[in-house]
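Trainee: File follows, input.txt with compact mmCIF, C-alpha atoms:
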```
# COMPACT_ATOMS: atom_id res chain seq x y z
CA MET A 1124 -42.37 50.53 43.08
CA SER A 1125 -39.00 49.53 44.47
CA ARG A 1126 -36.59 47.06 42.82
CA LEU A 1127 -38.27 45.33 39.86
CA ARG A 1128 -37.53 41.62 39.71
CA PHE A 1129 -36.83 39.86 36.41
CA GLY A 1130 -37.39 36.25 35.41
CA ILE A 1131 -38.85 33.90 32.84
CA PHE A 1132 -42.10 32.05 32.25
CA MET A 1133 -41.15 28.76 30.55
CA ALA A 1134 -43.94 26.68 28.98
CA PRO A 1135 -41.60 25.54 27.28
CA PHE A 1136 -41.99 25.89 23.50
CA HIS A 1137 -40.10 23.41 21.31
CA PRO A 1138 -40.77 22.36 17.71
CA ALA A 1139 -42.67 19.09 17.56
CA GLY A 1140 -40.63 16.22 16.18
CA GLU A 1141 -37.23 17.16 17.58
CA ASN A 1142 -35.29 15.31 20.29
CA PRO A 1143 -37.19 15.96 23.56
CA THR A 1144 -34.28 14.84 25.74
CA LEU A 1145 -32.01 17.52 24.28
CA ALA A 1146 -34.80 20.10 24.45
CA LEU A 1147 -35.28 19.51 28.17
CA GLN A 1148 -31.53 19.79 28.71
CA ARG A 1149 -31.58 23.16 26.91
CA ASP A 1150 -34.34 24.27 29.27
CA LEU A 1151 -32.26 23.32 32.30
CA ALA A 1152 -29.19 25.02 30.81
CA LEU A 1153 -31.20 28.21 30.32
CA VAL A 1154 -32.25 28.26 33.97
CA GLU A 1155 -28.60 27.76 35.00
CA HIS A 1156 -27.61 30.65 32.71
CA LEU A 1157 -30.26 32.92 34.24
CA ASP A 1158 -29.11 32.01 37.74
CA ARG A 1159 -25.55 33.11 36.88
CA LEU A 1160 -26.87 36.36 35.36
CA GLY A 1161 -28.81 37.28 38.51
CA TYR A 1162 -32.38 36.73 37.33
CA ASP A 1163 -34.78 36.39 40.22
CA GLU A 1164 -37.40 33.85 39.15
CA ALA A 1165 -38.20 31.05 36.70
CA TRP A 1166 -41.75 29.70 36.37
CA ILE A 1167 -42.19 26.30 34.72
CA GLY A 1168 -45.36 25.15 32.95
CA GLU A 1169 -47.40 21.95 32.95
CA HIS A 1170 -48.75 20.55 29.68
CA HIS A 1171 -49.66 17.12 28.38
CA SER A 1172 -50.56 17.45 24.69
CA ALA A 1173 -50.13 19.37 21.40
CA GLY A 1174 -46.47 18.41 20.95
CA SER A 1175 -44.67 21.65 21.81
CA GLU A 1176 -44.91 22.35 25.55
CA ILE A 1177 -43.25 19.17 26.76
CA ILE A 1178 -42.85 19.52 30.55
CA ALA A 1179 -45.53 17.33 32.15
CA SER A 1180 -44.44 17.94 35.75
CA PRO A 1181 -43.05 21.34 36.71
CA GLU A 1182 -42.28 19.97 40.19
CA ILE A 1183 -39.88 17.34 38.79
CA PHE A 1184 -38.23 19.92 36.55
CA ILE A 1185 -37.87 22.31 39.49
CA ALA A 1186 -36.20 19.59 41.59
CA ALA A 1187 -33.63 19.04 38.82
CA ALA A 1188 -33.10 22.78 38.26
CA ALA A 1189 -32.74 23.48 41.97
CA GLU A 1190 -29.72 21.17 42.18
CA ARG A 1191 -28.04 23.09 39.32
CA THR A 1192 -28.67 26.61 40.62
CA ARG A 1193 -27.91 28.67 43.72
CA HIS A 1194 -30.12 31.74 43.93
CA ILE A 1195 -32.97 31.83 41.41
CA LYS A 1196 -36.45 31.05 42.76
CA LEU A 1197 -38.38 28.33 40.92
CA GLY A 1198 -42.14 28.23 40.52
CA THR A 1199 -44.80 26.10 38.89
CA GLY A 1200 -46.05 28.26 36.08
CA VAL A 1201 -48.54 26.86 36.40
CA THR A 1202 -49.76 23.71 38.10
CA SER A 1203 -53.05 22.93 36.35
CA LEU A 1204 -54.94 22.58 39.59
CA ALA A 1205 -58.09 21.02 38.12
CA TYR A 1206 -56.10 17.98 37.00
CA HIS A 1207 -54.85 17.01 40.47
CA ASN A 1208 -55.81 16.14 43.99
CA PRO A 1209 -55.23 19.48 45.80
CA LEU A 1210 -53.88 17.69 48.88
CA TRP A 1211 -51.07 16.05 46.92
CA VAL A 1212 -50.32 19.28 45.04
CA THR A 1213 -49.80 21.04 48.35
CA GLU A 1214 -47.76 18.16 49.80
CA ARG A 1215 -45.42 18.15 46.78
CA MET A 1216 -44.91 21.90 46.96
CA VAL A 1217 -44.15 21.80 50.69
CA MET A 1218 -41.56 19.11 49.99
CA LEU A 1219 -39.99 21.31 47.29
CA ASP A 1220 -40.07 24.23 49.71
CA HIS A 1221 -37.90 22.20 52.08
CA LEU A 1222 -35.61 20.75 49.41
CA THR A 1223 -34.90 24.21 47.96
CA ARG A 1224 -34.77 25.94 51.37
CA GLY A 1225 -37.44 28.40 50.37
CA ARG A 1226 -36.79 28.84 46.65
CA ALA A 1227 -39.96 27.04 45.49
CA MET A 1228 -43.09 28.95 44.45
CA LEU A 1229 -46.57 27.70 43.64
CA GLY A 1230 -48.36 29.09 40.63
CA VAL A 1231 -51.81 27.73 39.82
CA GLY A 1232 -54.30 27.92 36.98
CA PRO A 1233 -57.14 25.91 35.47
CA GLY A 1234 -55.05 24.54 32.58
CA SER A 1235 -54.68 26.27 29.22
CA LEU A 1236 -54.82 23.48 26.64
CA PRO A 1237 -58.26 21.92 26.05
CA THR A 1238 -56.45 18.89 24.58
CA ASP A 1239 -55.05 18.28 28.08
CA SER A 1240 -58.31 18.45 29.99
CA ALA A 1241 -60.21 16.46 27.33
CA MET A 1242 -58.13 13.38 28.20
CA LEU A 1243 -59.52 13.64 31.74
CA GLY A 1244 -63.07 14.10 30.53
CA LEU A 1245 -63.08 17.74 31.63
CA SER A 1246 -64.29 20.73 29.64
CA PRO A 1247 -62.70 24.20 29.95
CA THR A 1248 -65.73 25.21 32.04
CA ASP A 1249 -65.15 22.22 34.33
CA THR A 1250 -61.52 23.12 34.90
CA ARG A 1251 -62.40 26.67 35.91
CA GLU A 1252 -65.06 25.51 38.33
CA LEU A 1253 -62.65 22.97 39.84
CA MET A 1254 -59.98 25.63 40.07
CA ASP A 1255 -62.05 27.58 42.61
CA VAL A 1256 -62.72 24.69 44.97
CA ASN A 1257 -59.28 23.10 44.68
CA PHE A 1258 -57.49 26.38 45.31
CA ASP A 1259 -59.57 26.90 48.43
CA VAL A 1260 -58.35 23.51 49.68
CA VAL A 1261 -54.72 24.39 48.92
CA MET A 1262 -54.91 27.68 50.82
CA ARG A 1263 -56.69 26.10 53.80
CA LEU A 1264 -53.98 23.45 54.02
CA LEU A 1265 -51.19 26.03 53.79
CA THR A 1266 -52.59 28.53 56.26
CA SER A 1267 -54.21 26.34 58.93
CA ASP A 1268 -53.62 23.16 60.92
CA GLU A 1269 -57.34 22.41 60.88
CA PRO A 1270 -58.28 19.24 58.94
CA VAL A 1271 -59.99 19.69 55.58
CA SER A 1272 -62.93 17.55 54.54
CA VAL A 1273 -64.45 18.22 51.14
CA GLU A 1274 -65.94 16.36 48.19
CA THR A 1275 -65.42 17.75 44.70
CA PRO A 1276 -66.54 16.34 41.35
CA THR A 1277 -63.15 14.60 41.07
CA HIS A 1278 -61.83 14.03 44.61
CA LYS A 1279 -62.86 13.37 48.19
CA LEU A 1280 -60.82 14.48 51.21
CA ILE A 1281 -61.50 13.29 54.76
CA ASP A 1282 -59.73 15.12 57.60
CA ALA A 1283 -56.87 15.99 55.27
CA ARG A 1284 -53.78 17.58 56.82
CA LEU A 1285 -50.30 18.41 55.61
CA HIS A 1286 -47.64 15.92 56.62
CA LEU A 1287 -45.03 18.72 56.91
CA ARG A 1288 -45.49 22.39 57.56
CA PRO A 1289 -43.89 24.67 54.93
CA TYR A 1290 -40.22 25.61 55.22
CA SER A 1291 -41.11 29.21 54.27
CA GLU A 1292 -42.92 31.38 56.78
CA PRO A 1293 -45.90 31.35 56.63
CA HIS A 1294 -45.74 29.39 53.34
CA MET A 1295 -44.12 29.50 49.92
CA ASP A 1296 -45.02 32.30 47.51
CA VAL A 1297 -48.36 31.55 45.83
CA ALA A 1298 -49.70 33.14 42.64
CA VAL A 1299 -52.75 32.67 40.41
CA ALA A 1300 -52.52 32.90 36.63
CA ALA A 1301 -54.62 35.37 34.65
CA VAL A 1302 -55.07 36.00 30.94
CA ALA A 1303 -57.53 38.75 30.00
CA SER A 1304 -60.56 37.76 32.09
CA PRO A 1305 -61.09 38.66 35.77
CA THR A 1306 -60.96 35.00 36.88
CA GLY A 1307 -57.35 35.07 38.07
CA PRO A 1308 -57.36 38.46 39.81
CA ARG A 1309 -60.68 37.57 41.45
CA LEU A 1310 -59.12 34.53 43.17
CA ALA A 1311 -55.81 36.25 43.91
CA GLY A 1312 -57.60 39.15 45.59
CA ARG A 1313 -59.86 36.90 47.60
CA TYR A 1314 -56.94 34.97 49.12
CA GLY A 1315 -54.41 37.81 49.18
CA VAL A 1316 -51.86 36.00 46.99
CA GLY A 1317 -49.88 37.00 43.92
CA LEU A 1318 -51.04 37.35 40.32
CA LEU A 1319 -49.35 36.00 37.17
CA SER A 1320 -50.69 38.10 34.30
CA VAL A 1321 -49.74 35.74 31.49
CA GLY A 1322 -51.89 36.92 28.62
CA ALA A 1323 -52.08 40.51 29.79
CA THR A 1324 -48.96 41.43 27.85
CA LEU A 1325 -49.33 38.92 25.03
CA THR A 1326 -52.43 40.31 23.36
CA GLU A 1327 -53.68 43.82 22.74
CA ALA A 1328 -56.83 43.03 24.74
CA GLY A 1329 -54.72 41.68 27.57
CA PHE A 1330 -52.49 44.75 27.59
CA ASP A 1331 -55.57 46.95 27.89
CA ALA A 1332 -56.79 44.80 30.80
CA LEU A 1333 -53.75 45.39 33.00
CA ALA A 1334 -55.18 48.21 35.09
CA HIS A 1335 -58.50 46.34 35.29
CA HIS A 1336 -56.72 43.29 36.70
CA TRP A 1337 -55.46 45.29 39.66
CA ASN A 1338 -58.84 46.92 40.23
CA VAL A 1339 -60.40 43.46 40.49
CA MET A 1340 -57.68 42.40 42.92
CA GLU A 1341 -58.31 45.37 45.20
CA GLU A 1342 -62.10 44.97 45.09
CA ARG A 1343 -61.95 41.28 46.02
CA ALA A 1344 -59.38 41.94 48.74
CA GLU A 1345 -61.60 44.58 50.29
CA THR A 1346 -64.63 42.28 50.11
CA PHE A 1347 -62.87 39.35 51.82
CA GLY A 1348 -60.70 41.33 54.23
CA THR A 1349 -57.35 40.38 52.68
CA THR A 1350 -54.49 42.53 51.45
CA VAL A 1351 -52.83 42.54 48.04
CA ASP A 1352 -49.33 43.67 47.20
CA ARG A 1353 -48.18 44.97 43.81
CA ALA A 1354 -44.77 43.43 44.53
CA LYS A 1355 -46.45 40.02 44.09
CA TRP A 1356 -47.87 40.95 40.68
CA ARG A 1357 -45.92 39.42 37.80
CA LEU A 1358 -46.33 40.35 34.14
CA VAL A 1359 -45.29 38.03 31.31
CA GLY A 1360 -44.01 39.58 28.09
CA LEU A 1361 -42.25 38.77 24.80
CA MET A 1362 -38.73 39.88 23.92
CA HIS A 1363 -35.68 39.05 21.88
CA ILE A 1364 -32.77 41.46 22.12
CA ALA A 1365 -29.50 41.83 20.21
CA GLU A 1366 -26.80 44.49 19.79
CA THR A 1367 -28.69 45.99 16.85
CA ARG A 1368 -32.28 45.82 15.67
CA GLU A 1369 -31.14 44.32 12.39
CA GLN A 1370 -29.31 41.54 14.25
CA ALA A 1371 -32.36 40.83 16.41
CA TYR A 1372 -34.52 40.53 13.28
CA ARG A 1373 -32.03 38.10 11.72
CA ASP A 1374 -31.84 36.09 14.95
CA VAL A 1375 -35.57 35.40 15.16
CA GLU A 1376 -35.75 34.12 11.60
CA TYR A 1377 -34.50 30.90 13.23
CA GLY A 1378 -37.75 30.02 14.99
CA ILE A 1379 -40.37 32.76 15.37
CA GLU A 1380 -42.55 31.33 12.60
CA GLN A 1381 -42.80 27.94 14.32
CA TRP A 1382 -43.91 29.66 17.54
CA PHE A 1383 -46.56 31.75 15.77
CA ARG A 1384 -47.89 28.77 13.81
CA TYR A 1385 -48.26 26.81 17.05
CA PHE A 1386 -50.73 29.37 18.39
CA GLN A 1387 -52.34 30.03 15.01
CA LYS A 1388 -52.92 26.41 13.96
CA VAL A 1389 -52.22 23.90 16.77
CA ALA A 1390 -53.00 25.08 20.30
CA ALA A 1391 -56.71 25.64 20.91
CA PHE A 1392 -55.97 28.66 23.07
CA PRO A 1393 -57.65 31.70 21.46
CA GLN A 1394 -56.53 33.99 24.29
CA MET A 1395 -53.05 33.69 22.75
CA ALA A 1396 -54.12 34.61 19.23
CA VAL A 1397 -51.24 36.14 17.27
CA GLU A 1398 -51.15 37.58 13.77
CA GLY A 1399 -48.64 37.40 10.94
CA GLY A 1400 -48.36 35.64 7.60
CA ASP A 1401 -44.57 35.74 7.23
CA VAL A 1402 -41.61 36.35 9.51
CA ARG A 1403 -41.48 40.11 8.97
CA GLU A 1404 -45.21 40.46 9.67
CA MET A 1405 -44.75 38.44 12.86
CA ILE A 1406 -41.91 40.67 14.05
CA ASP A 1407 -43.95 43.76 13.21
CA PHE A 1408 -46.92 42.34 15.12
CA VAL A 1409 -44.80 41.92 18.26
CA ASN A 1410 -43.39 45.43 18.01
CA THR A 1411 -46.39 47.42 16.82
CA SER A 1412 -49.19 45.77 18.79
CA GLY A 1413 -47.51 46.63 22.07
CA ILE A 1414 -47.10 43.04 23.25
CA GLY A 1415 -43.32 42.87 23.18
CA ALA A 1416 -40.00 43.92 21.71
CA VAL A 1417 -37.75 42.46 19.06
CA GLY A 1418 -34.81 44.85 18.90
CA THR A 1419 -32.24 46.48 21.15
CA VAL A 1420 -31.81 47.04 24.87
CA GLU A 1421 -33.41 50.45 24.37
CA ASP A 1422 -36.49 48.78 22.90
CA ALA A 1423 -36.61 46.35 25.82
CA ALA A 1424 -36.33 49.11 28.40
CA ALA A 1425 -39.06 51.11 26.67
CA GLN A 1426 -41.36 48.07 26.71
CA VAL A 1427 -40.86 47.53 30.45
CA GLU A 1428 -41.43 51.22 31.14
CA LYS A 1429 -44.64 51.13 29.09
CA LEU A 1430 -45.91 48.18 31.13
CA VAL A 1431 -45.09 49.94 34.38
CA ASN A 1432 -47.09 52.96 33.26
CA GLN A 1433 -50.00 50.92 31.91
CA SER A 1434 -50.32 48.78 35.02
CA GLY A 1435 -49.59 51.37 37.67
CA GLY A 1436 -46.67 49.30 38.93
CA PHE A 1437 -45.87 45.61 39.43
CA GLY A 1438 -43.24 43.45 41.08
CA ALA A 1439 -41.67 41.21 38.43
CA MET A 1440 -41.13 41.28 34.67
CA LEU A 1441 -41.21 37.71 33.38
CA LEU A 1442 -39.95 37.08 29.85
CA LEU A 1443 -41.83 34.34 28.03
CA ALA A 1444 -39.17 31.74 27.23
CA HIS A 1445 -39.12 30.78 23.55
CA GLU A 1446 -36.75 29.58 20.87
CA TRP A 1447 -37.25 32.32 18.34
CA ALA A 1448 -33.45 32.43 18.05
CA ASN A 1449 -30.81 29.71 18.31
CA PRO A 1450 -29.50 28.85 21.79
CA VAL A 1451 -26.42 31.10 21.55
CA ALA A 1452 -28.42 34.15 20.47
CA THR A 1453 -31.13 33.34 23.02
CA HIS A 1454 -28.61 33.28 25.87
CA ARG A 1455 -27.09 36.50 24.57
CA SER A 1456 -30.51 38.17 24.61
CA TYR A 1457 -30.96 37.37 28.30
CA GLU A 1458 -27.41 38.54 28.97
CA LEU A 1459 -28.00 41.91 27.30
CA ILE A 1460 -31.19 42.41 29.31
CA ALA A 1461 -29.36 41.58 32.54
CA GLN A 1462 -26.47 43.86 31.61
CA HIS A 1463 -28.35 46.91 30.38
CA VAL A 1464 -32.08 46.73 31.18
CA MET A 1465 -32.32 45.24 34.65
CA PRO A 1466 -30.08 47.91 36.27
CA LEU A 1467 -32.44 50.64 35.06
CA PHE A 1468 -35.29 49.15 37.11
CA GLN A 1469 -33.29 47.89 40.07
CA GLY A 1470 -31.58 51.07 41.23
CA GLN A 1471 -28.16 50.02 39.95
CA ALA A 1472 -27.70 52.23 36.88
CA GLN A 1473 -27.97 55.81 38.12
CA SER A 1474 -25.27 55.69 40.79
CA THR A 1475 -22.52 54.79 38.33
CA LEU A 1476 -23.86 57.33 35.81
CA ASP A 1477 -23.78 60.00 38.51
CA ALA A 1478 -20.24 59.01 39.48
CA LYS A 1479 -19.18 59.26 35.83
CA ALA A 1480 -20.82 62.68 35.53
CA ARG A 1481 -19.05 63.97 38.66
CA ALA A 1482 -15.70 62.66 37.44
CA THR A 1483 -16.26 64.20 34.00
CA GLU A 1484 -17.11 67.58 35.49
CA THR A 1485 -14.03 67.69 37.71
CA ARG A 1486 -11.63 66.04 35.26
CA PRO A 1487 -9.81 69.20 33.99
CA GLY A 1488 -8.97 70.39 37.49
CA MET A 1489 -8.11 66.92 38.75
CA ALA A 1490 -5.89 66.24 35.73
CA GLU A 1491 -4.00 69.47 36.35
CA GLU A 1492 -3.47 68.53 40.00
CA GLN A 1493 -2.13 65.17 38.86
CA ASN A 1494 0.33 66.87 36.53
CA GLN A 1495 1.42 69.20 39.32
CA ALA A 1496 1.96 66.25 41.64
CA VAL A 1497 4.16 64.50 39.05
CA ALA A 1498 6.14 67.70 38.47
CA HIS A 1499 6.57 68.19 42.22
CA MET A 1500 7.89 64.68 42.78
CA THR A 1501 10.18 64.95 39.74
CA GLU A 1502 11.63 68.20 41.09
CA LYS A 1503 12.01 66.67 44.55
CA TYR A 1504 13.92 63.74 43.11
CA GLN A 1505 16.22 66.04 41.17
CA GLN A 1506 16.91 67.97 44.37
CA GLU A 1507 17.75 64.68 46.18
CA LEU A 1508 20.16 63.75 43.42
CA ALA A 1509 21.81 67.17 43.57
CA ALA A 1510 22.16 66.95 47.36
CA GLY A 1511 23.74 63.49 47.07
CA ARG A 1512 26.41 64.72 44.67
CA SER A 1513 27.39 67.68 46.85
```
Represent the supplied structure as structure tokens.
Mentor:
Amino acid sequence: MSRLRFGIFMAPFHPAGENPTLALQRDLALVEHLDRLGYDEAWIGEHHSAGSEIIASPEIFIAAAAERTRHIKLGTGVTSLAYHNPLWVTERMVMLDHLTRGRAMLGVGPGSLPTDSAMLGLSPTDTRELMDVNFDVVMRLLTSDEPVSVETPTHKLIDARLHLRPYSEPHMDVAVAAVASPTGPRLAGRYGVGLLSVGATLTEAGFDALAHHWNVMEERAETFGTTVDRAKWRLVGLMHIAETREQAYRDVEYGIEQWFRYFQKVAAFPQMAVEGGDVREMIDFVNTSGIGAVGTVEDAAAQVEKLVNQSGGFGAMLLLAHEWANPVATHRSYELIAQHVMPLFQGQAQSTLDAKARATETRPGMAEEQNQAVAHMTEKYQQELAAGRS
């Protein structure tokens, strides 16, 4: 693969009971920080229950973040497609595509929290069935001017067309979310769009499914006559990095337990099952199960390299945004990754290392030439002085 992109996947995760206004401002500040550091992408989630993941509309958040940033691309990570009229989802994303001048991305999924879909009278099976038909509508609207007429269990469209064509050519980047099952890669391969492997790096089963995900993509693409591109494959993983491993461990004492307890006791999302009875067991679970890295930049680089090897290559490494550490330490973690890890996978590290090596090898001879040059000019000056006195 060529240059590996880096970004975040922000649910977000905040402790229930704290000030949501301040929490949302921290989320926006983090995206601004990542933009300054040169991160490529930020994907924003949609959730409506369970008290922790408090962004209900990724599109509104993206509009606010876009005005505060310059370069980073902003995606819905994900729009829970079963909850919405697919025509209006597509219309909103096309509008964001124009407002951001091509920085908006559409990520879709069925919806991860059963407590969300239950309020709409939908079961997890319903949302997955609706995902198929609604995504077909979205892609037809994005790729064709032909009107769409369809009746689903929740919506009816009659000669539906987009009001505006996308700003991006042919349309904004589109990706389908996947956990460990083949549902996501099956759809992504069929339509030739990107894949967001969310759970594939967050559980041991998901990690083992990485290569299988791509095989499903290729099989579906071949069946439907589309093409798939590893550069559009994004993997989501867990990290917190500090200058030393001991510092990283101390940092995450701030909030890692709250995050683990959310998935262990609150969110009915078994695909995100995590283990650990106390903070140290939780840290060990992240590091020893292969799902992430709490440690140093070397640990982070090794985790990315492992994922590259396991998957066969992908286009973007997305760090799951969390508040395991306080805001200052969290920002520092992203800074260390940008400073030391990203260059290793973006072709920016080796050239300066090679230049250093060449300079080191030639230093003795070059230093001697420098000394000779100083001695020569000193002697020349003395000769000028002598000539002036005569």
Trainee: Of the candidates A:Arg1373, A:His1170, A:Lys1196, A:Arg1263, which one gets nearest to Arg1226 of chain A if we count all atoms listed in the file?
Mentor: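 Of A:Arg1373, A:His1170, A:Lys1196, A:Arg1263, the one nearest Arg1226 of chain A, counting all atoms listed in the file, is A:Lys1196.
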Trainee: Of the candidates A:Glu1428, A:Asp1422, A:Glu1398, A:Asp1259, which shows the shortest atom-to-atom distance to Ala1365 of chain A, using all atoms listed in the file?
Mentor: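 Nearest to Ala1365 of chain A: A:Asp1422.
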Trainee: Show me, as a tab-separated table, the residues of segment 1270-1332 of chain A having an atom within 12 Å of segment 1126-1135 of chain A, each with the closest atom pair and its distance in Å, using all atoms listed in the file.
Mentor:
```
residue	atom	partner	partner_atom	distance
A:Ala1300	CA	A:Phe1132	CA	11.3
A:Leu1319	CA	A:Phe1132	CA	9.6
A:Ser1320	CA	A:Phe1132	CA	10.7
A:Val1321	CA	A:Phe1132	CA	8.5
A:Gly1322	CA	A:Phe1132	CA	11.5
```
Trainee: Expressed in Å to a single decimal, how great is the separation between atom CA of Met1242 of chain A and atom CA of Val1397 of chain A?
Mentor: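 That distance, rounded to one decimal, is 26.2 Å.
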Trainee: Using only C-alpha atoms, determine which residues lie at most 8 Å from segment 1143-1156 of chain A, disregarding the query and same-chain residues fewer than 4 positions distant; provide the list as a PyMOL selection string.
Mentor: chain A and resi 1135+1137+1160+1165+1177-1178+1187-1188+1191-1192+1450+1454
Trainee: Report the closest atom pair, with its distance in Å rounded to one decimal, for each residue of segment 1388-1428 of chain A that has an atom no farther than 10 Å from segment 1461-1469 of chain A; count only C-alpha atoms, sort by chain and then rising residue number, and write it as CSV.
Mentor:
```
residue,atom,partner,partner_atom,distance
A:Val1420,CA,A:Val1464,CA,6.3
A:Glu1421,CA,A:Val1464,CA,7.9
A:Asp1422,CA,A:Val1464,CA,9.6
A:Ala1423,CA,A:Val1464,CA,7.0
A:Ala1424,CA,A:Val1464,CA,5.6
A:Ala1425,CA,A:Val1464,CA,9.4
A:Val1427,CA,A:Phe1468,CA,8.8
A:Glu1428,CA,A:Phe1468,CA,8.8
```
Trainee: So how many Å separate atom CA of Thr1419 of chain A and atom CA of Tyr1372 of chain A, to one decimal?
Mentor: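 Those two atoms sit 10.1 Å apart.
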Trainee: One decimal, in Å: what's the spacing between atom CA of Val1351 of chain A and atom CA of Ala1311 of chain A?
Mentor: 8.1 Å
Trainee: Go through A:Met1340, A:Val1201, A:Leu1265, A:Ile1364 and flag the residue nearest Arg1288 of chain A, using only C-alpha atoms for the distances.
Mentor: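 Closest candidate: A:Leu1265.
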Trainee: Restricting the calculation to only C-alpha atoms: of A:Gly1225, A:Pro1289, A:Pro1487, A:Gly1232, which residue gets closest to Pro1308 of chain A?
Mentor: A:Gly1232
Trainee: Find the spatial neighbours of Leu1361 of chain A, counting all atoms listed in the file, within a cut-off of 6 Å - ignore same-chain residues fewer than 3 positions away - and output them as a PDB file with C-alpha atoms, in the frame of the given file.
Mentor:
```pdb
ATOM      1  CA  GLY A1415     -43.320  42.870  23.180  1.00  0.00           C
ATOM      2  CA  LEU A1442     -39.950  37.080  29.850  1.00  0.00           C
ATOM      3  CA  LEU A1443     -41.830  34.340  28.030  1.00  0.00           C
TER       4      LEU A1443
END
```
Trainee: Quick one: residues within 9 Å of (-56.8, 23.8, 53.7) (file frame), counting all atoms listed in the file, please, as a PyMOL selection string.
Mentor: chain A and resi 1210+1258-1272+1283-1285
Trainee: Export C-alpha atoms of the chosen residues as an mmCIF file, in the coordinates of the input?
Mentor:
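Output file result_20.cif follows:
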```
data_model
loop_
_atom_site.group_PDB
_atom_site.id
_atom_site.type_symbol
_atom_site.label_atom_id
_atom_site.label_comp_id
_atom_site.auth_asym_id
_atom_site.auth_seq_id
_atom_site.Cartn_x
_atom_site.Cartn_y
_atom_site.Cartn_z
ATOM 1 C CA LEU A 1210 -53.880 17.690 48.880
ATOM 2 C CA PHE A 1258 -57.490 26.380 45.310
ATOM 3 C CA ASP A 1259 -59.570 26.900 48.430
ATOM 4 C CA VAL A 1260 -58.350 23.510 49.680
ATOM 5 C CA VAL A 1261 -54.720 24.390 48.920
ATOM 6 C CA MET A 1262 -54.910 27.680 50.820
ATOM 7 C CA ARG A 1263 -56.690 26.100 53.800
ATOM 8 C CA LEU A 1264 -53.980 23.450 54.020
ATOM 9 C CA LEU A 1265 -51.190 26.030 53.790
ATOM 10 C CA THR A 1266 -52.590 28.530 56.260
ATOM 11 C CA SER A 1267 -54.210 26.340 58.930
ATOM 12 C CA ASP A 1268 -53.620 23.160 60.920
ATOM 13 C CA GLU A 1269 -57.340 22.410 60.880
ATOM 14 C CA PRO A 1270 -58.280 19.240 58.940
ATOM 15 C CA VAL A 1271 -59.990 19.690 55.580
ATOM 16 C CA SER A 1272 -62.930 17.550 54.540
ATOM 17 C CA ALA A 1283 -56.870 15.990 55.270
ATOM 18 C CA ARG A 1284 -53.780 17.580 56.820
ATOM 19 C CA LEU A 1285 -50.300 18.410 55.610
#
```
Trainee: Taking into account only C-alpha atoms, which residue in the set A:Thr1275, A:Ser1246, A:Thr1202, A:Ser1180 is nearest to Val1297 of chain A?
Mentor: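 Counting only C-alpha atoms, the residue closest to Val1297 of chain A is A:Thr1202.
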Trainee: Could you tell me which of A:Gly1348, A:Ala1390, A:Arg1353, A:Arg1403 comes closest to His1171 of chain A if we count only C-alpha atoms?
Mentor: A:Ala1390
Trainee: Excluding Ala1334 of chain A and residues on its chain fewer than 2 positions from it, collect all residues at most 7 Å away from it, counting all atoms listed in the file, and give them as number ranges by chain.
Mentor: A: 1332, 1336-1338, 1433-1435
